[in-house]
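Trainee: I have a structure I would like to understand better, so I am pasting it below and will then ask my questions one at a time.
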Amino acid sequence: MSFRIRIFALVMLVAVTAIGATAVLTLQLTRREVSQAVEAQNLYRAEIVEEIQRYGRVHGNWPGLNRLVIALSERTGLHIRVQTRDEGVVLVDSDIEAGRASGPVQPIAYDIDALPPLTVPTAGDDVVPVEFYRKAGPAPREIFGAAPTDRIFGGTPMLVLRQAAQFRTGLVLVRCLNETMRTEPALASDKAPYVSAAQLRMSPECTRRALTRVLTDEAWHLSFWDVYAQCADNRRQGFANPAANSKERSFCLGQAFHDTVVTSSAVPLELYLGGQGQVGISDFGRRGLAGAAGLVLVALVGTFLIARQVSSPVRRLTGASQMLAAGQLDARVRIKGAGELARLGSSFNSMAEAVQQSEERQRRLVADVAHEMRTPLSNLRGYLEGLSDGVIEPSRELFVSLHEETMLQSRILDDLQVLALAEAGDLGYTRTPIDLAELASLSVTAHRAVAAEAQVALTVDASAPAWVSADQDRIRQVLGNLLTNAIRYTDREGQVLVRVRAENGEAVLTVQDTGVGIAPGDLPHVFDRFWRADPARQRATGGTGLGLTIAQRIVADHGGRIDVESRQHVGTTFTVRLPLSTPASAA
């Protein structure tokens with residue numbers, strides 16, 4: 001399996017496992033949270049409603065409610081949201097107060113009314129008409145004193161109005177105490193008489209101010225009787241009748257009380273409950289923790305295995321490269337598998353092999369150049385020393401031999417320079433349209449004299465033109481090298497045939513001889529520098545051993561190739577293939 005596919009498979013495995021585990025844990029936690037939230041709501045709902053209602057009764061408004069809601073949320077573990085009933089303005093959200101995002105709540109709203117309950121009896125023996133109470137003026141002067149029992153002020157309606165006045169007076173009193181003495185602006189109790197004796201004695205001025213404000217508010221008193229009377233009219237009950245229904249009478253007194261105290265009480269609210277949404281480690285449970293641990297273990301094991309597969313080949317590559325840089329050219333990497341890293345190791349081995357071969361070729365080149373030049377230089381040195389010492393008599397033949405040795409050294413140096421330029425890509429070419437058939441005929445004509453002297457028949461078969469775009473001098477140099485070698489290695493009465501033809505979009509030039517041939521084991525070295533099949537014969541004929549190497553480089557630079565086929569004692573055939581073109585396109 002490819003390394004890339006293994007990485008992809010591991011990542012996908014971890015991703016799918018993580019998504020699945022997350023989905024399962026989320027579903028499990030959500031289900032548990034909903035269940036716990038429902039249980040907590042059933043357990044604490046009445047308590048929360050009662051606490052908030054009592055807060056509203058004793059304060060008469062909602063500032064400071066956030067402290068109570070935070071305490072209730074911490075004690076019950078619920079998400080508590082309180083908002084106004086009419087306008088839906090959120091007053092307190094326990095999640096926001098705790099500094100976290102507001103979580104979901106149940107869509108069920110619980111009403112919260114801060115109205116104080118009516119605690120006096122609402123079913124008495126009073127038979128005084130409502131109109132009489134309205135003419136009697138405000139409620140009793142002693143709001144917080146003993147309950148009135150006289151004929152005028154006695155009876156249940158007056159007691160109900162007295163309780164409403166106590167609630168309103170108490171709220172005015174505690175707010176005055178807060179302004180003057182910085183006390184808590186809260187009633188002592190949510191039941192009548194709402195204020196304590198200590199609060200009444202704390203500031204006589206505030207007490208007087210509160211009593212005066214309530215007792216002198218005739219409109220507020222009259223509103224109580226108006227509601228009471230209207231309720232009686234709507235229910236068609238005559239309270240002057242001694243047989244008035246006690247139940248209906250109690251209902252109207254309660255409605256009058258509530259409509260009177262609502263002007264002083266806090267606005268009604270709605271309560272929403274939900275889970276806090278906080279997840280701890282313990283919430284995952286054993287199976288959740290085991291799944292998370294398994295996921296982490298799979299990721300760690302997979303990462304370790306892949307890291308090991310990556311690091312091991314990288315370490316081997318690092319070690320081999322260090323050895324190669326230190327001069328140990330035979331350093332290779334042991335290859336395992338067939339993935340990307342294996343191909344990288346194979347590429348490194350190929351590079352190391354090329355470096356080693358290049359180094360060996362360079363060493364062989366230096367050795368071959370030294371060897372090729374040692375013999376001519378030794379000959380020149382010996383003859384020159386003999387002439388200097390008078391041991392050898394100067395003669396024309398001697399000077400001709402010395403001149404030939406000097407020319408051989410010059411040819412070796414010229415060929416080395418041409419080869420170096422060709423291998424470096426600096427050998428210049430002047431491409432022109434040339435007919436390879438005509439060029440072959442001219443080269444054969446130029447070598448006929450040499451072939452005749454060696455008693456070798458040299459013929460050419462180039463009847464049809466074969467146009468190529470090439471450097472005429474360099475191609476002539478290639479032909480010259482091939483013809484020189486063919487004539488040199490062909491015995492007397494042998495034949496050398498040069499043929500040119502067009503074949504499959506290529507101009508094909510073959511030089512075929514009937515010479516001694518080349519052994520199969522030597523064929524791969526034909527184009528190597530200074531290689532010779534017969535060293536003694538080549539040196540005797542003055543060859544440098546670089547002609548075929550230069551020919552191969554020139555042909556390759558022209559986009560072609562040169563091949564060789566040979567059989568010992570039968571002959572050798574060199575084939576040059578160049579891209580074919582028309583005269584116009586070549587130009």
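Following the order of the structure tokens, first chain is A, next is B, and so on, with residues numbered from 1 inside each chain and ligands from 1 in the order they appear.
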Give me the residues within 8 Å of region 93-103 of chain A as a CSV table (one decimal) with N, CA and C atoms, in the first residue's frame, counting only C-alpha atoms and dropping any in the same chain fewer than 2 places off.
Mentor:
chain,number,residue,atom,x,y,z
A,66,ASN,N,-30.6,39.4,40.5
A,66,ASN,CA,-29.5,38.5,39.9
A,66,ASN,C,-28.8,37.7,41.0
A,69,VAL,N,-30.9,34.7,41.9
A,69,VAL,CA,-30.9,33.8,40.8
A,69,VAL,C,-29.6,33.0,40.7
A,70,ILE,N,-28.5,33.7,40.9
A,70,ILE,CA,-27.2,33.0,40.9
A,70,ILE,C,-27.1,32.0,42.0
A,73,SER,N,-29.3,29.0,41.1
A,73,SER,CA,-28.7,28.2,40.1
A,73,SER,C,-27.6,27.3,40.6
A,79,HIS,N,-30.2,26.0,34.8
A,79,HIS,CA,-30.1,27.2,34.1
A,79,HIS,C,-31.4,28.0,34.3
A,80,ILE,N,-31.4,29.2,34.9
A,80,ILE,CA,-32.6,29.9,35.3
A,80,ILE,C,-32.6,31.2,34.5
A,81,ARG,N,-33.7,31.5,33.8
A,81,ARG,CA,-33.9,32.7,33.0
A,81,ARG,C,-35.2,33.3,33.5
A,82,VAL,N,-35.1,34.6,33.8
A,82,VAL,CA,-36.3,35.4,34.3
A,82,VAL,C,-36.5,36.6,33.4
A,90,VAL,N,-35.5,40.1,29.2
A,90,VAL,CA,-34.8,39.2,30.1
A,90,VAL,C,-34.1,40.1,31.2
A,91,LEU,N,-34.5,39.8,32.4
A,91,LEU,CA,-33.9,40.5,33.6
A,91,LEU,C,-32.7,39.8,34.1
A,105,VAL,N,-33.3,26.5,27.2
A,105,VAL,CA,-34.2,26.3,28.4
A,105,VAL,C,-35.4,25.6,27.8
A,274,GLY,N,-33.8,25.3,32.6
A,274,GLY,CA,-33.0,24.3,31.7
A,274,GLY,C,-31.8,23.8,32.4
A,275,GLY,N,-31.0,23.0,31.7
A,275,GLY,CA,-29.8,22.5,32.2
A,275,GLY,C,-28.7,23.5,32.1
A,276,GLN,N,-27.7,23.5,33.0
A,276,GLN,CA,-26.6,24.4,32.9
A,276,GLN,C,-25.7,24.2,31.7
A,277,GLY,N,-25.6,23.0,31.2
A,277,GLY,CA,-24.8,22.7,30.0
A,277,GLY,C,-23.3,22.6,30.3
Trainee: Find the residues near Ser566 (chain A): any atom within 7 Å, counting only C-alpha atoms, skip ones fewer than 6 places away on the same chain, and give them as a PyMOL selection string.
Mentor: chain A and resi 517-518+572-573
Trainee: Could those residues be written to a file, using C-alpha atoms, as a short mmCIF file (atom, residue, chain, number, x, y, z; two decimals), in the first residue's frame?
Mentor:
data_model
loop_
_atom_site.label_atom_id
_atom_site.label_comp_id
_atom_site.auth_asym_id
_atom_site.auth_seq_id
_atom_site.Cartn_x
_atom_site.Cartn_y
_atom_site.Cartn_z
CA GLY A 517 34.77 -7.63 -35.52
CA ILE A 518 34.32 -6.98 -31.83
CA THR A 572 31.05 -4.59 -37.71
CA THR A 573 28.20 -2.22 -38.60
#
Trainee: Using only C-alpha atoms, which residue out of A:Ile562, A:Asp415, A:Gly545, A:Leu380 lies closest to Phe399 (chain A)?
Mentor: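 Checking each of A:Ile562, A:Asp415, A:Gly545, A:Leu380 against Phe399 (chain A), counting only C-alpha atoms, the winner is A:Leu380.
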Trainee: Contacts of region 252-268 of chain A at 6 Å or less, counting only C-alpha atoms, minus same-chain residues fewer than 2 places along, as a ChimeraX atom specification?
Mentor: /A:56,60-61,85,112-114,164,224,227-228,231,249-250
Trainee: Write out as an MDAnalysis selection string all residues of region 418-522 of chain A that backbone DSSP assigns to helix (DSSP H, G or I).
Mentor: chainID A and resid 418:424 436:453 472:488 520:522
Trainee: Restricted to N, CA and C atoms, what would the selected residues look like written as a short mmCIF file (atom, residue, chain, number, x, y, z; two decimals), in the first residue's frame?
Mentor:
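Writing done, so here's again.cif:
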data_model
loop_
_atom_site.label_atom_id
_atom_site.label_comp_id
_atom_site.auth_asym_id
_atom_site.auth_seq_id
_atom_site.Cartn_x
_atom_site.Cartn_y
_atom_site.Cartn_z
N VAL A 418 37.75 18.81 -27.62
CA VAL A 418 36.44 18.70 -28.27
C VAL A 418 35.48 17.92 -27.38
N LEU A 419 35.95 16.82 -26.79
CA LEU A 419 35.09 16.01 -25.94
C LEU A 419 34.66 16.79 -24.70
N ALA A 420 35.58 17.52 -24.11
CA ALA A 420 35.23 18.30 -22.92
C ALA A 420 34.19 19.36 -23.25
N LEU A 421 34.35 20.03 -24.39
CA LEU A 421 33.36 21.02 -24.79
C LEU A 421 32.00 20.38 -25.06
N ALA A 422 32.03 19.21 -25.70
CA ALA A 422 30.77 18.54 -26.03
C ALA A 422 30.04 18.10 -24.76
N GLU A 423 30.78 17.53 -23.82
CA GLU A 423 30.14 17.06 -22.58
C GLU A 423 29.65 18.23 -21.73
N ALA A 424 30.30 19.39 -21.82
CA ALA A 424 29.86 20.56 -21.07
C ALA A 424 28.76 21.33 -21.78
N LEU A 436 22.51 14.21 -46.44
CA LEU A 436 23.40 13.22 -45.83
C LEU A 436 23.96 12.26 -46.87
N ALA A 437 23.19 12.00 -47.92
CA ALA A 437 23.68 11.10 -48.98
C ALA A 437 24.86 11.75 -49.72
N GLU A 438 24.73 13.03 -50.03
CA GLU A 438 25.82 13.73 -50.70
C GLU A 438 27.04 13.83 -49.81
N LEU A 439 26.82 14.11 -48.51
CA LEU A 439 27.94 14.22 -47.57
C LEU A 439 28.67 12.88 -47.44
N ALA A 440 27.91 11.77 -47.44
CA ALA A 440 28.53 10.45 -47.36
C ALA A 440 29.36 10.16 -48.61
N SER A 441 28.86 10.56 -49.76
CA SER A 441 29.61 10.35 -51.01
C SER A 441 30.92 11.14 -50.99
N LEU A 442 30.88 12.38 -50.51
CA LEU A 442 32.09 13.18 -50.43
C LEU A 442 33.09 12.57 -49.45
N SER A 443 32.62 12.10 -48.30
CA SER A 443 33.53 11.50 -47.32
C SER A 443 34.15 10.22 -47.87
N VAL A 444 33.38 9.42 -48.57
CA VAL A 444 33.94 8.20 -49.17
C VAL A 444 35.01 8.55 -50.19
N THR A 445 34.75 9.56 -51.00
CA THR A 445 35.75 10.00 -51.98
C THR A 445 37.04 10.44 -51.30
N ALA A 446 36.90 11.16 -50.16
CA ALA A 446 38.09 11.64 -49.46
C ALA A 446 38.90 10.51 -48.84
N HIS A 447 38.28 9.35 -48.55
CA HIS A 447 38.99 8.25 -47.89
C HIS A 447 39.36 7.14 -48.87
N ARG A 448 39.11 7.33 -50.16
CA ARG A 448 39.43 6.26 -51.11
C ARG A 448 40.94 6.01 -51.19
N ALA A 449 41.69 7.06 -51.09
CA ALA A 449 43.15 6.87 -51.18
C ALA A 449 43.65 6.03 -50.01
N VAL A 450 43.18 6.32 -48.81
CA VAL A 450 43.60 5.53 -47.64
C VAL A 450 43.14 4.10 -47.78
N ALA A 451 41.89 3.91 -48.25
CA ALA A 451 41.38 2.55 -48.42
C ALA A 451 42.18 1.80 -49.49
N ALA A 452 42.52 2.49 -50.58
CA ALA A 452 43.30 1.81 -51.63
C ALA A 452 44.67 1.41 -51.12
N GLU A 453 45.28 2.27 -50.28
CA GLU A 453 46.60 1.92 -49.75
C GLU A 453 46.50 0.69 -48.83
N GLN A 472 27.56 20.63 -40.76
CA GLN A 472 28.19 19.81 -41.79
C GLN A 472 29.58 19.34 -41.36
N ASP A 473 30.36 20.22 -40.75
CA ASP A 473 31.72 19.84 -40.36
C ASP A 473 31.71 18.77 -39.29
N ARG A 474 30.81 18.89 -38.30
CA ARG A 474 30.77 17.89 -37.23
C ARG A 474 30.26 16.54 -37.73
N ILE A 475 29.27 16.55 -38.62
CA ILE A 475 28.80 15.29 -39.19
C ILE A 475 29.89 14.66 -40.06
N ARG A 476 30.63 15.51 -40.79
CA ARG A 476 31.76 14.98 -41.58
C ARG A 476 32.80 14.36 -40.64
N GLN A 477 32.98 15.00 -39.42
CA GLN A 477 33.93 14.44 -38.45
C GLN A 477 33.45 13.06 -37.98
N VAL A 478 32.17 12.90 -37.78
CA VAL A 478 31.64 11.60 -37.39
C VAL A 478 31.89 10.56 -38.48
N LEU A 479 31.54 10.93 -39.71
CA LEU A 479 31.78 10.01 -40.83
C LEU A 479 33.25 9.65 -40.95
N GLY A 480 34.11 10.66 -40.78
CA GLY A 480 35.54 10.40 -40.87
C GLY A 480 36.01 9.40 -39.83
N ASN A 481 35.55 9.55 -38.57
CA ASN A 481 35.94 8.60 -37.52
C ASN A 481 35.47 7.19 -37.85
N LEU A 482 34.20 7.06 -38.31
CA LEU A 482 33.67 5.75 -38.62
C LEU A 482 34.42 5.11 -39.79
N LEU A 483 34.68 5.89 -40.84
CA LEU A 483 35.40 5.33 -42.00
C LEU A 483 36.83 4.97 -41.64
N THR A 484 37.48 5.84 -40.83
CA THR A 484 38.87 5.55 -40.45
C THR A 484 38.93 4.25 -39.66
N ASN A 485 38.02 4.06 -38.70
CA ASN A 485 38.03 2.82 -37.92
C ASN A 485 37.72 1.61 -38.80
N ALA A 486 36.73 1.77 -39.70
CA ALA A 486 36.37 0.64 -40.57
C ALA A 486 37.55 0.21 -41.44
N ILE A 487 38.25 1.18 -42.04
CA ILE A 487 39.40 0.83 -42.88
C ILE A 487 40.53 0.26 -42.04
N ARG A 488 40.72 0.84 -40.85
CA ARG A 488 41.84 0.43 -40.00
C ARG A 488 41.70 -1.02 -39.53
N PRO A 520 31.62 -9.97 -28.13
CA PRO A 520 30.37 -9.54 -27.45
C PRO A 520 30.62 -8.85 -26.11
N GLY A 521 31.61 -9.29 -25.40
CA GLY A 521 31.90 -8.67 -24.11
C GLY A 521 32.47 -7.27 -24.21
N ASP A 522 32.99 -6.93 -25.40
CA ASP A 522 33.59 -5.60 -25.58
C ASP A 522 32.63 -4.59 -26.19
#
Trainee: CA of Ser189 (chain A) and CA of Gln83 (chain A), how far apart in Å?
Mentor: 24.4 Å
Trainee: Using only C-alpha atoms, which protein or nucleic acid residues come within 7 Å of region 502-513 of chain A? Drop anything in the same chain fewer than 3 positions from it, and give the result as an mmCIF file with N, CA and C atoms, in the first residue's frame.
Mentor:
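Just written: selection_5.cif:
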data_model
loop_
_atom_site.group_PDB
_atom_site.id
_atom_site.type_symbol
_atom_site.label_atom_id
_atom_site.label_comp_id
_atom_site.auth_asym_id
_atom_site.auth_seq_id
_atom_site.Cartn_x
_atom_site.Cartn_y
_atom_site.Cartn_z
ATOM 1 N N ALA A 466 18.798 12.465 -48.526
ATOM 2 C CA ALA A 466 18.267 12.382 -47.157
ATOM 3 C C ALA A 466 18.671 13.655 -46.434
ATOM 4 N N LEU A 482 34.197 7.064 -38.314
ATOM 5 C CA LEU A 482 33.666 5.746 -38.622
ATOM 6 C C LEU A 482 34.418 5.111 -39.791
ATOM 7 N N ALA A 486 36.729 1.771 -39.697
ATOM 8 C CA ALA A 486 36.370 0.636 -40.566
ATOM 9 C C ALA A 486 37.548 0.210 -41.444
ATOM 10 N N THR A 490 39.893 -3.437 -41.002
ATOM 11 C CA THR A 490 39.547 -4.384 -42.066
ATOM 12 C C THR A 490 40.837 -4.849 -42.741
ATOM 13 N N GLN A 495 36.123 -5.340 -47.436
ATOM 14 C CA GLN A 495 35.205 -4.374 -48.025
ATOM 15 C C GLN A 495 34.602 -3.492 -46.923
ATOM 16 N N VAL A 496 34.352 -2.219 -47.286
ATOM 17 C CA VAL A 496 33.647 -1.260 -46.419
ATOM 18 C C VAL A 496 32.541 -0.643 -47.263
ATOM 19 N N LEU A 497 31.289 -0.772 -46.776
ATOM 20 C CA LEU A 497 30.133 -0.271 -47.508
ATOM 21 C C LEU A 497 29.464 0.828 -46.675
ATOM 22 N N VAL A 498 29.249 1.980 -47.323
ATOM 23 C CA VAL A 498 28.546 3.108 -46.691
ATOM 24 C C VAL A 498 27.189 3.240 -47.382
ATOM 25 N N ARG A 499 26.111 3.217 -46.590
ATOM 26 C CA ARG A 499 24.771 3.267 -47.171
ATOM 27 C C ARG A 499 23.980 4.365 -46.466
ATOM 28 N N GLY A 571 32.465 -9.039 -39.182
ATOM 29 C CA GLY A 571 32.466 -7.628 -39.492
ATOM 30 C C GLY A 571 31.662 -6.835 -38.457
ATOM 31 N N THR A 572 31.702 -5.516 -38.639
ATOM 32 C CA THR A 572 31.049 -4.587 -37.712
ATOM 33 C C THR A 572 30.236 -3.582 -38.505
ATOM 34 N N THR A 573 29.074 -3.196 -37.960
ATOM 35 C CA THR A 573 28.202 -2.216 -38.601
ATOM 36 C C THR A 573 27.867 -1.117 -37.590
ATOM 37 N N PHE A 574 28.198 0.126 -37.923
ATOM 38 C CA PHE A 574 27.812 1.299 -37.133
ATOM 39 C C PHE A 574 26.643 1.966 -37.845
ATOM 40 N N THR A 575 25.586 2.290 -37.075
ATOM 41 C CA THR A 575 24.378 2.898 -37.637
ATOM 42 C C THR A 575 24.140 4.236 -36.960
ATOM 43 N N VAL A 576 24.030 5.300 -37.775
ATOM 44 C CA VAL A 576 23.752 6.647 -37.276
ATOM 45 C C VAL A 576 22.356 7.028 -37.746
ATOM 46 N N ARG A 577 21.518 7.457 -36.775
ATOM 47 C CA ARG A 577 20.148 7.864 -37.098
ATOM 48 C C ARG A 577 19.973 9.324 -36.685
ATOM 49 N N LEU A 578 19.513 10.149 -37.642
ATOM 50 C CA LEU A 578 19.269 11.572 -37.414
ATOM 51 C C LEU A 578 17.853 11.923 -37.848
ATOM 52 N N PRO A 579 17.196 12.904 -37.205
ATOM 53 C CA PRO A 579 15.843 13.293 -37.610
ATOM 54 C C PRO A 579 15.833 13.769 -39.051
ATOM 55 N N LEU A 580 14.914 13.238 -39.838
ATOM 56 C CA LEU A 580 14.795 13.593 -41.245
ATOM 57 C C LEU A 580 13.993 14.879 -41.389
#
Trainee: Between A:Asp491, A:Asp557, A:Glu353, A:Asp226, which residue has the minimum interatomic distance to Val333 (chain A), considering only C-alpha atoms?
Mentor: A:Glu353
Trainee: Rank nothing, just name the residue among A:Thr216, A:Ser312, A:Thr76, A:Ser388 nearest to Ala165 (chain A), using only C-alpha atoms.
Mentor: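 Residue with the minimum atom-to-atom distance to Ala165 (chain A): A:Thr216.
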Trainee: Ranking A:Cys176, A:Leu115, A:Val456, A:Leu187 by minimum distance to Arg213 (chain A) and counting only C-alpha atoms, which one comes first?
Mentor: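 Residue with the minimum atom-to-atom distance to Arg213 (chain A): A:Cys176.
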Trainee: Using only C-alpha atoms, pick whichever of A:Gly345, A:Pro394, A:Gly382, A:Pro63 has the shortest atom-to-atom distance to Pro185 (chain A).
Mentor: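 Distance minimum relative to Pro185 (chain A) lands on A:Pro63.
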